[in-house]
Amino acid sequence: MTLANSVLDALIAGNTRFREGLSSPKPWQSANDYADQNPIAIILGCSDSRVPIEIIFDQGPGDLFVIRVAGNIVAPSQIGSVEFAALQFQVPLVVVMGHTRCGAIDATLHHMQNPGDHATDNLKSIVDRIAPSMTSLVEADTMSDQKALSYHCMRANVRASVNQLRHGSSALEGLIEASKLQICGAYYDLDSGSVHFFE
């Protein structure tokens, strides 16, 4: 078993404890305990307030290197943050995690279905990064309802972000080729509290 797989197992076990109400207490520690950080995983997740990443994986301070941005998009600053943690701390696993009922996905859907409505320039920069992963789904429009379409668009966006991380950085590509880094996708179900990892 690789180190990345061991970390993945630890995250799955932590999420199980969270769902079952068995999360372990995380008492306050002194500043000396945080002199050096040694995160086991990098999580690129959404900034949605309903997705507290350390809590849903039952992890404490220093355990996860968390990057949160609306729609879990991959832009240069996010790539740089992942590079920093992967190189500085030799973190073996990156998880790109979306979630159900994502506001950024729904905002992108609204923009794509109502092109006359204008978002602010900064919000549009997020929408413009999400939209390409959703275009084929929106154009096909085979979903029976908007909720189902949003769900499939969320998954497509996670996969696109994973692909951008895998192929958008020579530093990360080198770590992957050397079997020192694994990047995977996942999503958090707001209704069940479960994190589902992609194959």
# chains A, B, ... in the order shown; residues from 1 in each chain; ligands from 1

call {"tool": "residues_around", "arguments": {"residues": "Ser179 (chain A)", "least_positions_apart": "5", "cutoff": "10 Å", "atoms": "only C-alpha atoms", "output": "MDAnalysis selection string"}}
result
chainID A and resid 2:4 92 173:174

call {"tool": "residues_around", "arguments": {"residues": "Gly60 (chain A)", "least_positions_apart": "4", "cutoff": "9 Å", "atoms": "only C-alpha atoms", "output": "short mmCIF file (atom, residue, chain, number, x, y, z; two decimals) with N, CA and C atoms, in the first residue's frame"}}
result
data_model
loop_
_atom_site.label_atom_id
_atom_site.label_comp_id
_atom_site.auth_asym_id
_atom_site.auth_seq_id
_atom_site.Cartn_x
_atom_site.Cartn_y
_atom_site.Cartn_z
N PRO A 25 -12.20 14.40 20.34
CA PRO A 25 -12.04 15.80 20.74
C PRO A 25 -10.67 16.33 20.34
N LYS A 26 -10.63 17.60 19.97
CA LYS A 26 -9.38 18.26 19.58
C LYS A 26 -9.10 19.39 20.56
N PRO A 27 -8.50 19.07 21.72
CA PRO A 27 -8.26 20.10 22.73
C PRO A 27 -7.24 21.12 22.24
N GLU A 54 -11.75 20.23 7.97
CA GLU A 54 -11.10 19.48 9.06
C GLU A 54 -12.13 18.70 9.87
N ILE A 55 -13.30 19.29 10.07
CA ILE A 55 -14.33 18.64 10.89
C ILE A 55 -14.88 17.40 10.21
N LEU A 64 -4.20 18.86 8.07
CA LEU A 64 -4.55 19.04 6.66
C LEU A 64 -4.09 20.42 6.19
#

call {"tool": "select_by_dssp", "arguments": {"residues": "region 62-181 of chain A", "states": "strand (DSSP E)", "output": "PyMOL selection string"}}
result
chain A and resi 64-68+93-99

call {"tool": "write_last_selection", "arguments": {"atoms": "N, CA and C atoms", "output": "PDB file, in the first residue's frame"}}
result
ATOM      1  N   LEU A  64      -4.196  18.857   8.066  1.00  0.00           N
ATOM      2  CA  LEU A  64      -4.547  19.040   6.661  1.00  0.00           C
ATOM      3  C   LEU A  64      -4.091  20.416   6.186  1.00  0.00           C
ATOM      4  N   PHE A  65      -3.601  20.473   4.946  1.00  0.00           N
ATOM      5  CA  PHE A  65      -3.282  21.744   4.304  1.00  0.00           C
ATOM      6  C   PHE A  65      -4.485  22.078   3.434  1.00  0.00           C
ATOM      7  N   VAL A  66      -5.308  23.016   3.888  1.00  0.00           N
ATOM      8  CA  VAL A  66      -6.607  23.262   3.265  1.00  0.00           C
ATOM      9  C   VAL A  66      -6.583  24.546   2.440  1.00  0.00           C
ATOM     10  N   ILE A  67      -7.034  24.426   1.204  1.00  0.00           N
ATOM     11  CA  ILE A  67      -7.183  25.560   0.294  1.00  0.00           C
ATOM     12  C   ILE A  67      -8.663  25.638  -0.051  1.00  0.00           C
ATOM     13  N   ARG A  68      -9.298  26.755   0.286  1.00  0.00           N
ATOM     14  CA  ARG A  68     -10.733  26.873   0.039  1.00  0.00           C
ATOM     15  C   ARG A  68     -11.005  28.057  -0.880  1.00  0.00           C
ATOM     16  N   LEU A  93      -0.742  13.251  -0.889  1.00  0.00           N
ATOM     17  CA  LEU A  93      -2.099  13.162  -1.442  1.00  0.00           C
ATOM     18  C   LEU A  93      -2.737  14.535  -1.549  1.00  0.00           C
ATOM     19  N   VAL A  94      -3.322  14.803  -2.719  1.00  0.00           N
ATOM     20  CA  VAL A  94      -4.150  15.994  -2.931  1.00  0.00           C
ATOM     21  C   VAL A  94      -5.561  15.510  -3.237  1.00  0.00           C
ATOM     22  N   VAL A  95      -6.537  16.085  -2.539  1.00  0.00           N
ATOM     23  CA  VAL A  95      -7.940  15.774  -2.804  1.00  0.00           C
ATOM     24  C   VAL A  95      -8.628  17.058  -3.257  1.00  0.00           C
ATOM     25  N   VAL A  96      -9.202  17.035  -4.450  1.00  0.00           N
ATOM     26  CA  VAL A  96     -10.056  18.132  -4.908  1.00  0.00           C
ATOM     27  C   VAL A  96     -11.477  17.736  -4.540  1.00  0.00           C
ATOM     28  N   MET A  97     -12.114  18.528  -3.670  1.00  0.00           N
ATOM     29  CA  MET A  97     -13.414  18.117  -3.143  1.00  0.00           C
ATOM     30  C   MET A  97     -14.498  19.148  -3.419  1.00  0.00           C
ATOM     31  N   GLY A  98     -15.476  18.751  -4.224  1.00  0.00           N
ATOM     32  CA  GLY A  98     -16.666  19.550  -4.423  1.00  0.00           C
ATOM     33  C   GLY A  98     -17.723  19.143  -3.406  1.00  0.00           C
ATOM     34  N   HIS A  99     -18.944  19.619  -3.604  1.00  0.00           N
ATOM     35  CA  HIS A  99     -20.027  19.217  -2.693  1.00  0.00           C
ATOM     36  C   HIS A  99     -21.371  19.427  -3.369  1.00  0.00           C
TER      37      HIS A  99
END

call {"tool": "residues_around", "arguments": {"residues": "Pro39 (chain A)", "least_positions_apart": "6", "cutoff": "9 Å", "atoms": "only C-alpha atoms", "output": "ChimeraX atom specification"}}
result
/A:61-65,85,89-91

call {"tool": "residues_around", "arguments": {"residues": "His111 (chain A)", "least_positions_apart": "6", "cutoff": "9 Å", "atoms": "only C-alpha atoms", "output": "MDAnalysis selection string"}}
result
chainID A and resid 117:119 124 127 131

call {"tool": "write_last_selection", "arguments": {"atoms": "C-alpha atoms", "output": "tab-separated table (two decimals), in the first residue's frame"}}
result
chain	number	residue	atom	x	y	z
A	117	ASP	CA	-27.60	38.50	-16.64
A	118	HIS	CA	-24.30	40.08	-15.68
A	119	ALA	CA	-22.17	39.04	-12.73
A	124	LYS	CA	-17.39	36.17	-13.45
A	127	VAL	CA	-17.82	31.36	-13.33
A	131	ALA	CA	-18.20	26.88	-17.17

call {"tool": "closest_residue", "arguments": {"among": "A:Ser136, A:Gln37, A:Thr100, A:Gln78", "to": "Val51 (chain A)", "atoms": "only C-alpha atoms"}}
result
A:Thr100

call {"tool": "closest_residue", "arguments": {"among": "A:Leu22, A:Ala171, A:Leu149, A:Val158", "to": "Phe197 (chain A)", "atoms": "only C-alpha atoms"}}
result
A:Val158

call {"tool": "closest_residue", "arguments": {"among": "A:Ala41, A:Val138, A:Met154, A:Ala70", "to": "Leu123 (chain A)", "atoms": "only C-alpha atoms"}}
result
A:Ala70

call {"tool": "residues_around", "arguments": {"residues": "Glu199 (chain A)", "least_positions_apart": "2", "cutoff": "10 Å", "atoms": "only C-alpha atoms", "output": "ChimeraX atom specification"}}
result
/A:184-186,196-197

call {"tool": "select_by_dssp", "arguments": {"residues": "region 30-192 of chain A", "states": "alpha helix (DSSP H)", "output": "PyMOL selection string"}}
result
chain A and resi 53-56+76-89+103-113+121-140+146-167+170-177

call {"tool": "write_last_selection", "arguments": {"atoms": "C-alpha atoms", "output": "PDB file, in the first residue's frame"}}
result
ATOM      1  CA  ILE A  53     -13.091  20.347   5.921  1.00  0.00           C
ATOM      2  CA  GLU A  54     -11.103  19.481   9.060  1.00  0.00           C
ATOM      3  CA  ILE A  55     -14.327  18.636  10.890  1.00  0.00           C
ATOM      4  CA  ILE A  56     -15.826  16.335   8.258  1.00  0.00           C
ATOM      5  CA  PRO A  76      -2.514  30.028 -10.511  1.00  0.00           C
ATOM      6  CA  SER A  77      -2.732  30.894  -6.797  1.00  0.00           C
ATOM      7  CA  GLN A  78      -4.319  27.522  -6.009  1.00  0.00           C
ATOM      8  CA  ILE A  79      -1.713  25.661  -8.067  1.00  0.00           C
ATOM      9  CA  GLY A  80       1.021  27.576  -6.278  1.00  0.00           C
ATOM     10  CA  SER A  81      -0.487  26.694  -2.895  1.00  0.00           C
ATOM     11  CA  VAL A  82      -0.594  22.994  -3.800  1.00  0.00           C
ATOM     12  CA  GLU A  83       2.983  23.144  -5.106  1.00  0.00           C
ATOM     13  CA  PHE A  84       4.115  24.790  -1.876  1.00  0.00           C
ATOM     14  CA  ALA A  85       2.615  22.123   0.382  1.00  0.00           C
ATOM     15  CA  ALA A  86       3.620  19.201  -1.832  1.00  0.00           C
ATOM     16  CA  LEU A  87       7.224  20.364  -2.096  1.00  0.00           C
ATOM     17  CA  GLN A  88       7.695  21.881   1.359  1.00  0.00           C
ATOM     18  CA  PHE A  89       6.030  19.133   3.387  1.00  0.00           C
ATOM     19  CA  GLY A 103     -23.661  27.784  -4.958  1.00  0.00           C
ATOM     20  CA  ALA A 104     -20.780  28.393  -7.364  1.00  0.00           C
ATOM     21  CA  ILE A 105     -22.042  25.612  -9.642  1.00  0.00           C
ATOM     22  CA  ASP A 106     -25.580  26.981  -9.501  1.00  0.00           C
ATOM     23  CA  ALA A 107     -24.328  30.518 -10.218  1.00  0.00           C
ATOM     24  CA  THR A 108     -22.440  29.197 -13.237  1.00  0.00           C
ATOM     25  CA  LEU A 109     -25.517  27.315 -14.430  1.00  0.00           C
ATOM     26  CA  HIS A 110     -27.610  30.469 -14.080  1.00  0.00           C
ATOM     27  CA  HIS A 111     -25.062  32.471 -16.050  1.00  0.00           C
ATOM     28  CA  MET A 112     -24.888  29.862 -18.814  1.00  0.00           C
ATOM     29  CA  GLN A 113     -28.676  29.571 -19.051  1.00  0.00           C
ATOM     30  CA  ASP A 121     -16.109  40.965 -12.862  1.00  0.00           C
ATOM     31  CA  ASN A 122     -14.627  39.055  -9.938  1.00  0.00           C
ATOM     32  CA  LEU A 123     -17.522  36.616  -9.682  1.00  0.00           C
ATOM     33  CA  LYS A 124     -17.387  36.168 -13.453  1.00  0.00           C
ATOM     34  CA  SER A 125     -13.730  35.129 -13.147  1.00  0.00           C
ATOM     35  CA  ILE A 126     -14.891  32.164 -11.040  1.00  0.00           C
ATOM     36  CA  VAL A 127     -17.817  31.357 -13.327  1.00  0.00           C
ATOM     37  CA  ASP A 128     -15.533  31.489 -16.372  1.00  0.00           C
ATOM     38  CA  ARG A 129     -13.232  28.865 -14.825  1.00  0.00           C
ATOM     39  CA  ILE A 130     -16.123  26.530 -13.993  1.00  0.00           C
ATOM     40  CA  ALA A 131     -18.199  26.878 -17.169  1.00  0.00           C
ATOM     41  CA  PRO A 132     -15.974  24.920 -19.620  1.00  0.00           C
ATOM     42  CA  SER A 133     -16.342  21.723 -17.577  1.00  0.00           C
ATOM     43  CA  MET A 134     -20.136  22.073 -17.706  1.00  0.00           C
ATOM     44  CA  THR A 135     -20.667  23.128 -21.311  1.00  0.00           C
ATOM     45  CA  SER A 136     -21.411  19.699 -22.797  1.00  0.00           C
ATOM     46  CA  LEU A 137     -23.854  18.847 -19.993  1.00  0.00           C
ATOM     47  CA  VAL A 138     -25.700  22.149 -20.297  1.00  0.00           C
ATOM     48  CA  GLU A 139     -25.841  21.997 -24.090  1.00  0.00           C
ATOM     49  CA  ALA A 140     -27.094  18.401 -24.048  1.00  0.00           C
ATOM     50  CA  GLN A 146     -32.074  21.357 -12.435  1.00  0.00           C
ATOM     51  CA  LYS A 147     -30.964  19.593  -9.248  1.00  0.00           C
ATOM     52  CA  ALA A 148     -29.738  16.565 -11.211  1.00  0.00           C
ATOM     53  CA  LEU A 149     -27.996  18.813 -13.726  1.00  0.00           C
ATOM     54  CA  SER A 150     -26.273  20.717 -10.902  1.00  0.00           C
ATOM     55  CA  TYR A 151     -25.072  17.448  -9.345  1.00  0.00           C
ATOM     56  CA  HIS A 152     -23.525  16.184 -12.585  1.00  0.00           C
ATOM     57  CA  CYS A 153     -21.994  19.600 -13.287  1.00  0.00           C
ATOM     58  CA  MET A 154     -20.405  19.580  -9.816  1.00  0.00           C
ATOM     59  CA  ARG A 155     -18.791  16.207 -10.518  1.00  0.00           C
ATOM     60  CA  ALA A 156     -17.584  17.378 -13.945  1.00  0.00           C
ATOM     61  CA  ASN A 157     -16.061  20.477 -12.347  1.00  0.00           C
ATOM     62  CA  VAL A 158     -14.178  18.379  -9.768  1.00  0.00           C
ATOM     63  CA  ARG A 159     -12.777  16.172 -12.521  1.00  0.00           C
ATOM     64  CA  ALA A 160     -11.711  19.241 -14.505  1.00  0.00           C
ATOM     65  CA  SER A 161      -9.924  20.681 -11.453  1.00  0.00           C
ATOM     66  CA  VAL A 162      -8.147  17.367 -10.847  1.00  0.00           C
ATOM     67  CA  ASN A 163      -7.025  17.330 -14.477  1.00  0.00           C
ATOM     68  CA  GLN A 164      -5.789  20.929 -14.258  1.00  0.00           C
ATOM     69  CA  LEU A 165      -3.697  20.117 -11.200  1.00  0.00           C
ATOM     70  CA  ARG A 166      -2.268  16.974 -12.770  1.00  0.00           C
ATOM     71  CA  HIS A 167      -1.273  18.701 -15.990  1.00  0.00           C
ATOM     72  CA  SER A 170       5.608  20.804 -14.115  1.00  0.00           C
ATOM     73  CA  ALA A 171       6.455  20.532 -10.407  1.00  0.00           C
ATOM     74  CA  LEU A 172       3.333  18.487  -9.650  1.00  0.00           C
ATOM     75  CA  GLU A 173       3.757  16.411 -12.806  1.00  0.00           C
ATOM     76  CA  GLY A 174       7.272  15.525 -11.682  1.00  0.00           C
ATOM     77  CA  LEU A 175       6.064  14.409  -8.262  1.00  0.00           C
ATOM     78  CA  ILE A 176       3.312  12.310  -9.841  1.00  0.00           C
ATOM     79  CA  GLU A 177       5.734  10.673 -12.272  1.00  0.00           C
TER      80      GLU A 177
END

call {"tool": "residues_around", "arguments": {"residues": "Asn15 (chain A)", "least_positions_apart": "6", "cutoff": "7 Å", "atoms": "only C-alpha atoms", "output": "VMD selection string"}}
result
chain A and resid 56 to 58 194 to 195

call {"tool": "atom_distance", "arguments": {"atom1": "CA of Arg50 (chain A)", "atom2": "CA of Tyr188 (chain A)"}}
result
10.0 Å

call {"tool": "closest_residue", "arguments": {"among": "A:Thr120, A:Asp36, A:Asp145, A:Arg101", "to": "Asp191 (chain A)", "atoms": "only C-alpha atoms"}}
result
A:Arg101

call {"tool": "atom_distance", "arguments": {"atom1": "CA of Arg19 (chain A)", "atom2": "CA of Val69 (chain A)"}}
result
24.0 Å

call {"tool": "atom_distance", "arguments": {"atom1": "CA of Cys102 (chain A)", "atom2": "CA of Ser6 (chain A)"}}
result
28.9 Å

call {"tool": "closest_residue", "arguments": {"among": "A:Cys46, A:Leu11, A:Gln59, A:Val74", "to": "Gly168 (chain A)", "atoms": "only C-alpha atoms"}}
result
A:Val74
